[in-house]
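File shown here: query.txt, holding compact mmCIF, C-alpha atoms and all ligand atoms.
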```txt
# COMPACT_ATOMS: atom_id res chain seq x y z
CA MET A 1 9.81 -11.65 14.15
CA ASN A 2 9.12 -9.79 10.92
CA LEU A 3 5.53 -9.29 9.89
CA TYR A 4 6.23 -10.45 6.34
CA GLN A 5 8.95 -12.72 5.10
CA LEU A 6 9.08 -13.27 1.34
CA ARG A 7 11.47 -15.79 -0.17
CA ASN A 8 12.25 -16.51 -3.82
CA ILE A 9 9.06 -14.82 -4.96
CA GLN A 10 8.34 -14.77 -8.64
CA GLN A 11 5.21 -13.50 -10.25
CA ARG A 12 4.63 -14.23 -13.93
CA TYR A 13 1.80 -13.14 -16.13
CA ARG A 14 1.62 -15.43 -19.10
CA ASP A 15 5.32 -15.95 -19.61
CA ARG A 16 6.47 -12.57 -18.47
CA LEU A 17 8.38 -12.33 -15.21
CA VAL A 18 6.98 -9.22 -13.53
CA LEU A 19 8.34 -9.66 -10.02
CA ASP A 20 11.49 -11.46 -8.93
CA LEU A 21 12.34 -11.06 -5.25
CA PRO A 22 14.89 -13.43 -3.71
CA ALA A 23 14.20 -12.05 -0.22
CA LEU A 24 12.12 -9.30 1.31
CA ASP A 25 11.40 -8.86 4.99
CA ILE A 26 8.95 -6.26 6.25
CA GLU A 27 9.40 -5.32 9.86
CA ARG A 28 6.51 -4.95 12.23
CA GLY A 29 5.58 -1.31 12.73
CA GLU A 30 7.79 0.15 10.03
CA VAL A 31 6.83 2.45 7.17
CA LEU A 32 8.38 0.87 4.10
CA ALA A 33 8.23 2.96 0.94
CA ILE A 34 8.51 1.27 -2.43
CA VAL A 35 9.50 3.55 -5.27
CA GLY A 36 10.16 2.82 -8.90
CA PRO A 37 9.06 3.66 -12.40
CA SER A 38 5.74 2.77 -13.91
CA GLY A 39 5.41 -0.92 -14.64
CA SER A 40 8.17 -1.97 -12.25
CA GLY A 41 5.85 -4.24 -10.25
CA LYS A 42 4.87 -2.08 -7.28
CA SER A 43 1.12 -2.76 -7.43
CA THR A 44 1.81 -6.41 -8.14
CA LEU A 45 3.85 -6.60 -4.95
CA LEU A 46 0.98 -5.06 -2.97
CA ARG A 47 -1.48 -7.58 -4.41
CA LEU A 48 0.76 -10.36 -3.12
CA LEU A 49 1.05 -8.71 0.29
CA GLN A 50 -2.76 -8.45 0.43
CA PHE A 51 -2.99 -12.16 -0.57
CA LEU A 52 -5.16 -11.34 -3.57
CA GLU A 53 -2.95 -13.45 -5.82
CA ALA A 54 -0.71 -16.35 -4.99
CA PRO A 55 2.80 -15.95 -6.42
CA THR A 56 3.86 -18.17 -9.31
CA ALA A 57 6.78 -19.33 -7.15
CA GLY A 58 8.21 -18.75 -3.71
CA SER A 59 6.88 -18.42 -0.22
CA ILE A 60 5.23 -15.72 1.86
CA MET A 61 5.18 -15.88 5.64
CA PHE A 62 2.87 -13.51 7.48
CA ASP A 63 3.34 -13.23 11.22
CA GLY A 64 5.11 -16.57 11.18
CA ILE A 65 2.35 -18.31 9.24
CA ALA A 66 3.33 -19.88 5.91
CA LEU A 67 0.79 -19.10 3.23
CA GLN A 68 0.16 -21.17 0.20
CA GLY A 69 -2.67 -21.31 -2.29
CA GLN A 70 -5.96 -20.01 -0.99
CA THR A 71 -5.35 -17.67 1.91
CA ASP A 72 -7.40 -17.97 5.02
CA LEU A 73 -9.92 -15.14 5.22
CA ASN A 74 -8.84 -14.47 8.79
CA ILE A 75 -5.32 -13.71 7.63
CA ARG A 76 -6.43 -11.60 4.69
CA ARG A 77 -8.47 -9.53 7.11
CA ARG A 78 -5.39 -8.53 9.06
CA VAL A 79 -4.26 -6.49 6.06
CA ALA A 80 -6.01 -3.62 4.26
CA THR A 81 -5.16 -1.93 0.97
CA VAL A 82 -5.95 1.43 -0.51
CA PHE A 83 -5.75 0.66 -4.21
CA GLN A 84 -4.34 2.91 -6.87
CA ASN A 85 -7.79 3.43 -8.42
CA PRO A 86 -10.19 2.67 -5.58
CA MET A 87 -13.70 1.58 -6.43
CA LEU A 88 -16.44 2.81 -4.14
CA LEU A 89 -19.90 1.35 -3.74
CA ASP A 90 -22.71 3.43 -5.21
CA ARG A 91 -23.94 4.27 -1.73
CA SER A 92 -23.28 6.88 0.91
CA VAL A 93 -19.81 7.64 2.23
CA ARG A 94 -20.80 6.15 5.57
CA ASP A 95 -22.04 2.93 3.96
CA ASN A 96 -18.74 2.60 2.14
CA VAL A 97 -16.78 2.90 5.37
CA ALA A 98 -19.24 0.61 7.19
CA PHE A 99 -19.08 -2.17 4.62
CA GLY A 100 -15.92 -3.95 5.78
CA LEU A 101 -17.00 -3.79 9.41
CA GLN A 102 -20.37 -5.28 8.53
CA LEU A 103 -18.70 -8.13 6.63
CA ARG A 104 -16.73 -8.80 9.79
CA ARG A 105 -19.96 -8.72 11.76
CA GLN A 106 -18.61 -6.11 14.10
CA ARG A 107 -21.37 -4.88 16.40
CA GLU A 108 -20.36 -1.37 17.40
CA ILE A 109 -19.61 0.45 14.17
CA ASP A 110 -20.91 4.00 14.62
CA HIS A 111 -18.02 5.23 16.68
CA PRO A 112 -15.21 3.71 14.58
CA ILE A 113 -16.82 5.03 11.39
CA ALA A 114 -17.11 8.53 12.82
CA ALA A 115 -13.49 8.38 14.01
CA ALA A 116 -12.21 7.20 10.62
CA LEU A 117 -14.11 9.93 8.74
CA GLU A 118 -12.79 12.49 11.18
CA ARG A 119 -9.22 11.34 10.59
CA VAL A 120 -9.52 11.88 6.84
CA GLY A 121 -11.36 15.17 7.24
CA LEU A 122 -14.70 13.94 5.88
CA SER A 123 -16.99 14.08 8.91
CA GLU A 124 -19.35 16.39 7.05
CA TYR A 125 -19.65 13.97 4.14
CA ALA A 126 -21.03 10.88 5.90
CA ARG A 127 -24.39 11.12 4.13
CA ALA A 128 -23.04 12.25 0.76
CA LYS A 129 -23.36 9.84 -2.15
CA ALA A 130 -19.94 8.42 -2.98
CA ARG A 131 -20.46 9.03 -6.69
CA THR A 132 -20.80 12.78 -6.12
CA LEU A 133 -17.36 13.09 -4.52
CA SER A 134 -14.33 14.72 -6.08
CA GLY A 135 -11.36 12.47 -6.88
CA GLY A 136 -9.51 13.60 -3.77
CA GLU A 137 -12.54 13.05 -1.52
CA ALA A 138 -13.09 9.59 -2.96
CA GLN A 139 -9.44 8.79 -2.29
CA ARG A 140 -9.91 9.80 1.33
CA VAL A 141 -13.04 7.62 1.65
CA ALA A 142 -10.97 4.71 0.39
CA LEU A 143 -8.41 5.47 3.09
CA ALA A 144 -11.10 5.75 5.80
CA ARG A 145 -12.51 2.41 4.65
CA ALA A 146 -9.09 0.83 5.19
CA ILE A 147 -8.13 2.41 8.51
CA VAL A 148 -11.51 1.72 10.09
CA LEU A 149 -10.56 -1.96 9.97
CA GLN A 150 -7.52 -1.32 12.16
CA PRO A 151 -5.34 -3.59 10.05
CA GLU A 152 -1.95 -4.79 11.24
CA ALA A 153 -0.59 -3.97 7.79
CA LEU A 154 -1.85 -1.07 5.70
CA LEU A 155 -0.85 -1.09 2.04
CA LEU A 156 -1.10 2.25 0.28
CA ASP A 157 -0.78 2.45 -3.50
CA GLU A 158 -0.12 6.06 -4.48
CA PRO A 159 -2.50 7.33 -1.80
CA THR A 160 -1.93 11.01 -2.53
CA ALA A 161 -1.62 10.95 -6.31
CA ASN A 162 -4.74 13.04 -6.94
CA LEU A 163 -4.68 15.27 -3.93
CA ASP A 164 -3.98 18.95 -3.37
CA PRO A 165 -1.30 19.99 -0.87
CA TYR A 166 -3.74 20.32 2.06
CA ASN A 167 -5.01 16.78 1.58
CA VAL A 168 -1.53 15.43 0.96
CA SER A 169 -0.41 16.74 4.34
CA LEU A 170 -3.55 15.38 5.99
CA ILE A 171 -2.81 11.90 4.66
CA GLU A 172 0.88 12.15 5.40
CA ALA A 173 0.05 13.06 9.02
CA LEU A 174 -2.10 9.99 9.19
CA VAL A 175 0.76 7.81 7.98
CA ARG A 176 3.13 9.48 10.42
CA ASP A 177 0.84 8.75 13.43
CA HIS A 178 0.49 5.13 12.49
CA ASP A 179 1.23 3.70 15.95
CA ARG A 180 2.08 0.07 15.53
CA THR A 181 0.54 -0.45 12.12
CA THR A 182 2.99 -1.65 9.50
CA ILE A 183 2.69 0.49 6.38
CA VAL A 184 3.85 -0.29 2.88
CA LEU A 185 3.65 2.89 0.86
CA VAL A 186 3.98 2.82 -2.91
CA THR A 187 4.75 6.25 -4.22
CA HIS A 188 6.22 7.98 -7.24
CA ASN A 189 6.99 10.88 -5.01
CA ILE A 190 10.47 10.43 -3.62
CA PHE A 191 10.05 13.50 -1.42
CA GLN A 192 7.08 11.83 0.20
CA ALA A 193 9.12 8.67 0.73
CA ARG A 194 11.79 10.78 2.36
CA ARG A 195 9.28 12.47 4.66
CA LEU A 196 7.51 9.31 5.77
CA ALA A 197 9.52 6.15 5.37
CA ASP A 198 11.77 4.31 7.77
CA ARG A 199 13.16 2.29 4.86
CA VAL A 200 12.93 2.76 1.12
CA GLY A 201 13.21 0.16 -1.63
CA LEU A 202 13.75 0.79 -5.33
CA LEU A 203 11.96 -1.59 -7.65
CA LEU A 204 13.14 -1.75 -11.28
CA SER A 205 11.70 -4.24 -13.75
CA GLY A 206 10.44 -6.40 -10.91
CA ARG A 207 13.73 -6.48 -9.03
CA LEU A 208 14.47 -4.85 -5.73
CA ILE A 209 17.65 -2.97 -6.58
CA GLU A 210 18.30 -1.63 -3.13
CA LEU A 211 16.46 -1.47 0.19
CA LEU A 212 17.96 0.85 2.77
CA PRO A 213 17.08 3.02 5.75
CA ALA A 214 15.56 6.20 4.26
CA ASP A 215 18.44 8.37 5.25
CA ARG A 216 21.00 6.15 3.50
CA PHE A 217 18.77 5.55 0.51
CA PHE A 218 18.72 9.27 -0.22
CA ASN A 219 22.14 10.33 0.95
CA ALA A 220 24.43 7.39 0.40
CA PRO A 221 22.92 4.74 -1.86
CA THR A 222 25.35 2.09 -3.04
CA ASP A 223 23.73 1.35 -6.39
CA PRO A 224 24.21 3.90 -9.17
CA ARG A 225 20.63 3.27 -10.31
CA THR A 226 19.31 4.38 -6.92
CA ARG A 227 21.38 7.53 -7.18
CA ALA A 228 20.04 8.18 -10.67
CA PHE A 229 16.45 7.58 -9.57
CA VAL A 230 16.75 9.83 -6.54
CA ASN A 231 18.31 12.58 -8.64
CA GLY A 232 15.62 12.29 -11.29
CA GLU A 233 18.23 11.31 -13.85
CA MET A 234 16.97 7.87 -14.63
CA VAL A 235 15.95 7.30 -18.20
CA TYR A 236 13.16 4.71 -18.41
N1 LIG A 301 -2.96 -9.31 -14.26
C1 LIG A 301 -1.96 -9.00 -15.10
N2 LIG A 301 -1.82 -9.63 -16.28
C2 LIG A 301 -0.81 -9.35 -17.12
N3 LIG A 301 0.14 -8.42 -16.88
C3 LIG A 301 0.05 -7.76 -15.71
C4 LIG A 301 -1.00 -8.00 -14.77
N4 LIG A 301 -0.81 -7.17 -13.72
C5 LIG A 301 0.29 -6.45 -14.00
N5 LIG A 301 0.81 -6.80 -15.19
C6 LIG A 301 2.04 -6.24 -15.79
O1 LIG A 301 3.05 -6.31 -14.81
C7 LIG A 301 3.89 -5.18 -14.84
C8 LIG A 301 3.93 -4.52 -13.47
O2 LIG A 301 2.66 -3.93 -13.22
P1 LIG A 301 2.36 -3.12 -11.91
O3 LIG A 301 0.94 -2.70 -12.00
O4 LIG A 301 2.76 -3.92 -10.74
O5 LIG A 301 3.34 -1.87 -12.07
P2 LIG A 301 3.48 -0.57 -11.13
O6 LIG A 301 4.89 -0.52 -10.68
O7 LIG A 301 2.43 -0.59 -10.09
O8 LIG A 301 3.24 0.61 -12.19
P3 LIG A 301 2.51 2.06 -11.97
O9 LIG A 301 3.53 2.93 -11.29
O10 LIG A 301 2.24 2.51 -13.38
O11 LIG A 301 1.27 1.85 -11.17
C9 LIG A 301 3.34 -4.28 -15.93
O12 LIG A 301 4.10 -4.45 -17.08
C10 LIG A 301 1.93 -4.77 -16.13
O13 LIG A 301 1.51 -4.57 -17.45
MG MG A 302 0.78 0.58 -9.76
```

Would you encode the structure as structure tokens?
Amino acid sequence: MNLYQLRNIQQRYRDRLVLDLPALDIERGEVLAIVGPSGSGKSTLLRLLQFLEAPTAGSIMFDGIALQGQTDLNIRRRVATVFQNPMLLDRSVRDNVAFGLQLRRQREIDHPIAAALERVGLSEYARAKARTLSGGEAQRVALARAIVLQPEALLLDEPTANLDPYNVSLIEALVRDHDRTTIVLVTHNIFQARRLADRVGLLLSGRLIELLPADRFFNAPTDPRTRAFVNGEMVY
């Protein structure tokens, strides 16, 4: 069974149709990259997958459970997102990573927090104030805060946009060793999608133009728009 099954999803803001997806299935354990130009609906899709908004129309099944209206907190907690512009609490790095675990009333938190900080290369920063961090460090705290929750689905919105090459490879390694976590990775970087994804989807004006195994997406796409996007020839 797929982890997510979306059918006839439409998302409108005022009267504008921003997302229009007849069908999208996300397989358990896959890395699905979503690429597409600015404004094509990528972040909107992630908000739906995190159950932050209910779609204007259509249905979302998560792990076989049909969701409508207000999503059960227990289901929302099985998914974690690293947002495009993450907000951190004005507290220490450790407190930021601890916060979600405390909300879940998890007892033993020291070890998972230390492990998460280690994975993002920030063990030395546990006591630092979040507001003193560089953009790249803050991005990594946001990632630690998500992975510490051990979500079944991890949604990453441009997770390496502000990072230098060392940090990009650190985060890419983390995505690559994802075990059984399902990852939806939104990226402008098609090379990153090629390195990490099992499947890649191109979103244009809210429509999924093509969704293929990574290798076919890059080497033998069927839609001319995919070819143009991959070759950097698309005019927006
Ligand atoms: N809450 C909202 N109210 C009104 N319009 C919205 C809202 N959220 C998104 N939009 C619009 O929906 C469209 C898709 O936005 P979205 O943020 O999903 O794009 P994106 O693909 O993530 O772009 P980028 O690559 O720049 O992050 C945009 O035109 C945006 O202005
Ligand atoms: Mg976005």

* Shortest interatomic distance to Gln102 (chain A) - which of A:Ile9, A:Leu149, A:Val35, A:Ile75, counting all atoms listed in the file -> A:Leu149

* Counting all atoms listed in the file, the residue of A:Glu108, A:Val82, A:Leu122, A:Leu185 that sits nearest Arg145 (chain A) ->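 The closest residue to Arg145 (chain A) is A:Val82.
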
* To do: Kindly indicate which residue among A:Arg131, A:Arg7, A:Arg12, A:His188 lies nearest to Gln84 (chain A), using all atoms listed in the file for the distances.
  =>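 Checking each of A:Arg131, A:Arg7, A:Arg12, A:His188 against Gln84 (chain A), counting all atoms listed in the file, the winner is A:His188.
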
* **Shell around region 50-65 of chain A at 12 Å using all atoms listed in the file, local window under 2 positions removed, as JSON, numbers by chain** => {"A": [1, 2, 3, 4, 5, 6, 7, 8, 9, 10, 11, 12, 13, 14, 15, 16, 17, 18, 19, 20, 21, 22, 23, 24, 25, 26, 27, 28, 43, 44, 45, 46, 47, 48, 67, 68, 69, 70, 71, 72, 73, 74, 75, 76, 77, 78, 79, 80, 81, 82, 83, 151, 152, 153, 154, 155, 156, 157, 182, 184]}

* **Among the residues A:Ala130, A:Ile109, A:Val230, A:Val186, the one that comes closest to ligand MG 302 (chain A) [using only C-alpha atoms and all ligand atoms]** =>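 Closest residue, counting only C-alpha atoms and all ligand atoms: A:Val186.
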
Surrounding residues of Thr222 (chain A) excluding itself and chain neighbours under 5 positions, 12 Å, only C-alpha atoms, as a PDB file with C-alpha atoms, in the frame of the given file:
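Saved result, selection_29.pdb, follows:
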```
ATOM      1  CA  LEU A 202      13.750   0.790  -5.330  1.00  0.00           C
ATOM      2  CA  ILE A 209      17.650  -2.970  -6.580  1.00  0.00           C
ATOM      3  CA  GLU A 210      18.300  -1.630  -3.130  1.00  0.00           C
ATOM      4  CA  LEU A 211      16.460  -1.470   0.190  1.00  0.00           C
ATOM      5  CA  LEU A 212      17.960   0.850   2.770  1.00  0.00           C
ATOM      6  CA  ARG A 216      21.000   6.150   3.500  1.00  0.00           C
ATOM      7  CA  PHE A 217      18.770   5.550   0.510  1.00  0.00           C
ATOM      8  CA  ARG A 227      21.380   7.530  -7.180  1.00  0.00           C
ATOM      9  CA  ALA A 228      20.040   8.180 -10.670  1.00  0.00           C
TER      10      ALA A 228
END
```

* If you measure from atom O1 of ligand LIG 301 (chain A) to CA of Lys42 (chain A), what distance in Å do you get, rounded to one decimal? ->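 Straight-line distance from atom O1 of ligand LIG 301 (chain A) to CA of Lys42 (chain A) works out to 8.8 Å.
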
* To do: Would you mind listing what lies within 9 Å of Arg195 (chain A) as a PyMOL selection string, with all atoms listed in the file counted and same-chain residues fewer than 6 positions away left out?
  => chain A and resi 172+176+214

* **Of the listed residues A:Gly206, A:Gly29, A:Pro165, A:Pro112, that which approaches ligand MG 302 (chain A) most closely, counting only C-alpha atoms and all ligand atoms** =>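 Looking at the shortest contact to ligand MG 302 (chain A), the residue is A:Gly206.
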
* To do: Using only C-alpha atoms and all ligand atoms, find the one residue out of A:Leu170, A:Val97, A:Leu196, A:Ala161 that sits nearest to ligand LIG 301 (chain A).
  => A:Ala161

* For CA of Asn96 (chain A) and CA of Ala142 (chain A), the interatomic separation in Å (one decimal) ->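 Rounded to one decimal, the two atoms are 8.2 Å apart.
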
* Could you list as a PyMOL selection string every residue that has an atom within 10 Å of (-10.5, 17.2, -4.5), using the file's coordinates and counting all atoms listed in the file? -> chain A and resi 133-140+162-164+166-167

* Asked: What is the distance between CA of Ala173 (chain A) and CA of Ala98 (chain A), in Å to one decimal?
  ->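 Pair CA of Ala173 (chain A) / CA of Ala98 (chain A) returns 23.0 Å.
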
* Hey, what's within 7 Å of region 124-128 of chain A if we count only C-alpha atoms and toss same-chain stuff fewer than 3 positions away? As number ranges by chain, please? -> A: 92-94

Step by step: locate region 176-217 of chain A in the block above, keep N, CA and C atoms, then write the file as a JSON list (two decimals), in the first residue's frame.
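Output contents, as saved in part-v4.json:
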```json
[["chain", "number", "residue", "atom", "x", "y", "z"],
["A", 176, "ARG", "N", 20.19, 10.35, 1.68],
["A", 176, "ARG", "CA", 20.54, 9.06, 1.06],
["A", 176, "ARG", "C", 20.42, 7.90, 2.06],
["A", 177, "ASP", "N", 20.77, 8.15, 3.34],
["A", 177, "ASP", "CA", 20.69, 7.08, 4.36],
["A", 177, "ASP", "C", 19.35, 7.12, 5.07],
["A", 178, "HIS", "N", 18.28, 7.26, 4.33],
["A", 178, "HIS", "CA", 17.01, 7.55, 5.00],
["A", 178, "HIS", "C", 16.31, 6.30, 5.52],
["A", 179, "ASP", "N", 16.88, 5.13, 5.34],
["A", 179, "ASP", "CA", 16.24, 3.90, 5.80],
["A", 179, "ASP", "C", 14.86, 3.75, 5.18],
["A", 180, "ARG", "N", 13.87, 3.66, 6.03],
["A", 180, "ARG", "CA", 12.53, 3.42, 5.51],
["A", 180, "ARG", "C", 11.69, 4.69, 5.46],
["A", 181, "THR", "N", 12.28, 5.80, 5.84],
["A", 181, "THR", "CA", 11.50, 7.05, 5.80],
["A", 181, "THR", "C", 11.18, 7.43, 4.36],
["A", 182, "THR", "N", 9.95, 7.81, 4.15],
["A", 182, "THR", "CA", 9.54, 8.32, 2.83],
["A", 182, "THR", "C", 9.92, 9.79, 2.78],
["A", 183, "ILE", "N", 10.59, 10.19, 1.70],
["A", 183, "ILE", "CA", 11.02, 11.59, 1.61],
["A", 183, "ILE", "C", 10.44, 12.24, 0.37],
["A", 184, "VAL", "N", 9.85, 13.41, 0.57],
["A", 184, "VAL", "CA", 9.43, 14.23, -0.56],
["A", 184, "VAL", "C", 10.33, 15.46, -0.54],
["A", 185, "LEU", "N", 11.11, 15.59, -1.58],
["A", 185, "LEU", "CA", 12.14, 16.62, -1.65],
["A", 185, "LEU", "C", 11.78, 17.62, -2.74],
["A", 186, "VAL", "N", 11.50, 18.85, -2.32],
["A", 186, "VAL", "CA", 11.27, 19.91, -3.29],
["A", 186, "VAL", "C", 12.60, 20.60, -3.54],
["A", 187, "THR", "N", 12.97, 20.70, -4.78],
["A", 187, "THR", "CA", 14.26, 21.32, -5.07],
["A", 187, "THR", "C", 14.24, 22.02, -6.43],
["A", 188, "HIS", "N", 14.96, 23.12, -6.51],
["A", 188, "HIS", "CA", 15.17, 23.77, -7.81],
["A", 188, "HIS", "C", 16.36, 23.15, -8.52],
["A", 189, "ASN", "N", 17.09, 22.38, -7.75],
["A", 189, "ASN", "CA", 18.37, 21.86, -8.23],
["A", 189, "ASN", "C", 18.17, 20.48, -8.86],
["A", 190, "ILE", "N", 18.11, 20.46, -10.19],
["A", 190, "ILE", "CA", 17.83, 19.19, -10.85],
["A", 190, "ILE", "C", 18.97, 18.19, -10.67],
["A", 191, "PHE", "N", 20.17, 18.71, -10.44],
["A", 191, "PHE", "CA", 21.30, 17.80, -10.22],
["A", 191, "PHE", "C", 21.13, 17.09, -8.89],
["A", 192, "GLN", "N", 20.61, 17.82, -7.92],
["A", 192, "GLN", "CA", 20.33, 17.21, -6.62],
["A", 192, "GLN", "C", 19.23, 16.16, -6.75],
["A", 193, "ALA", "N", 18.21, 16.46, -7.53],
["A", 193, "ALA", "CA", 17.14, 15.49, -7.74],
["A", 193, "ALA", "C", 17.72, 14.22, -8.38],
["A", 194, "ARG", "N", 18.62, 14.42, -9.30],
["A", 194, "ARG", "CA", 19.23, 13.29, -9.99],
["A", 194, "ARG", "C", 20.07, 12.44, -9.03],
["A", 195, "ARG", "N", 20.77, 13.12, -8.12],
["A", 195, "ARG", "CA", 21.61, 12.39, -7.16],
["A", 195, "ARG", "C", 20.80, 11.61, -6.15],
["A", 196, "LEU", "N", 19.64, 12.13, -5.75],
["A", 196, "LEU", "CA", 18.96, 11.60, -4.58],
["A", 196, "LEU", "C", 17.66, 10.84, -4.84],
["A", 197, "ALA", "N", 16.98, 11.19, -5.91],
["A", 197, "ALA", "CA", 15.58, 10.73, -6.01],
["A", 197, "ALA", "C", 15.44, 9.36, -6.66],
["A", 198, "ASP", "N", 14.45, 8.63, -6.20],
["A", 198, "ASP", "CA", 14.03, 7.41, -6.89],
["A", 198, "ASP", "C", 13.12, 7.79, -8.06],
["A", 199, "ARG", "N", 12.23, 8.75, -7.79],
["A", 199, "ARG", "CA", 11.33, 9.24, -8.85],
["A", 199, "ARG", "C", 11.34, 10.76, -8.81],
["A", 200, "VAL", "N", 11.07, 11.35, -9.96],
["A", 200, "VAL", "CA", 11.05, 12.81, -10.06],
["A", 200, "VAL", "C", 9.77, 13.24, -10.75],
["A", 201, "GLY", "N", 9.15, 14.28, -10.21],
["A", 201, "GLY", "CA", 7.94, 14.83, -10.83],
["A", 201, "GLY", "C", 8.16, 16.29, -11.18],
["A", 202, "LEU", "N", 7.65, 16.68, -12.35],
["A", 202, "LEU", "CA", 7.74, 18.09, -12.76],
["A", 202, "LEU", "C", 6.38, 18.74, -12.57],
["A", 203, "LEU", "N", 6.38, 19.79, -11.79],
["A", 203, "LEU", "CA", 5.15, 20.54, -11.53],
["A", 203, "LEU", "C", 5.23, 21.86, -12.31],
["A", 204, "LEU", "N", 4.20, 22.12, -13.10],
["A", 204, "LEU", "CA", 4.14, 23.38, -13.87],
["A", 204, "LEU", "C", 2.75, 23.95, -13.69],
["A", 205, "SER", "N", 2.68, 25.17, -13.20],
["A", 205, "SER", "CA", 1.37, 25.81, -12.99],
["A", 205, "SER", "C", 0.38, 24.90, -12.29],
["A", 206, "GLY", "N", 0.86, 24.20, -11.25],
["A", 206, "GLY", "CA", -0.02, 23.39, -10.44],
["A", 206, "GLY", "C", -0.35, 22.03, -11.01],
["A", 207, "ARG", "N", 0.20, 21.72, -12.17],
["A", 207, "ARG", "CA", -0.08, 20.40, -12.77],
["A", 207, "ARG", "C", 1.18, 19.55, -12.81],
["A", 208, "LEU", "N", 0.98, 18.29, -12.51],
["A", 208, "LEU", "CA", 2.09, 17.35, -12.57],
["A", 208, "LEU", "C", 2.23, 16.90, -14.03],
["A", 209, "ILE", "N", 3.24, 17.43, -14.68],
["A", 209, "ILE", "CA", 3.40, 17.19, -16.12],
["A", 209, "ILE", "C", 3.86, 15.76, -16.37],
["A", 210, "GLU", "N", 4.76, 15.31, -15.50],
["A", 210, "GLU", "CA", 5.34, 13.98, -15.72],
["A", 210, "GLU", "C", 5.95, 13.52, -14.40],
["A", 211, "LEU", "N", 5.77, 12.26, -14.09],
["A", 211, "LEU", "CA", 6.37, 11.69, -12.88],
["A", 211, "LEU", "C", 6.97, 10.35, -13.27],
["A", 212, "LEU", "N", 8.29, 10.28, -13.21],
["A", 212, "LEU", "CA", 8.98, 9.09, -13.75],
["A", 212, "LEU", "C", 10.11, 8.67, -12.82],
["A", 213, "PRO", "N", 10.56, 7.42, -12.94],
["A", 213, "PRO", "CA", 11.79, 7.04, -12.26],
["A", 213, "PRO", "C", 12.89, 8.01, -12.68],
["A", 214, "ALA", "N", 13.78, 8.36, -11.73],
["A", 214, "ALA", "CA", 14.75, 9.44, -11.96],
["A", 214, "ALA", "C", 15.51, 9.25, -13.26],
["A", 215, "ASP", "N", 15.94, 8.04, -13.48],
["A", 215, "ASP", "CA", 16.75, 7.75, -14.63],
["A", 215, "ASP", "C", 16.01, 8.09, -15.94],
["A", 216, "ARG", "N", 14.72, 7.72, -16.01],
["A", 216, "ARG", "CA", 13.95, 8.04, -17.21],
["A", 216, "ARG", "C", 13.60, 9.50, -17.30],
["A", 217, "PHE", "N", 13.36, 10.11, -16.14],
["A", 217, "PHE", "CA", 13.01, 11.53, -16.13],
["A", 217, "PHE", "C", 14.13, 12.34, -16.78]]
```
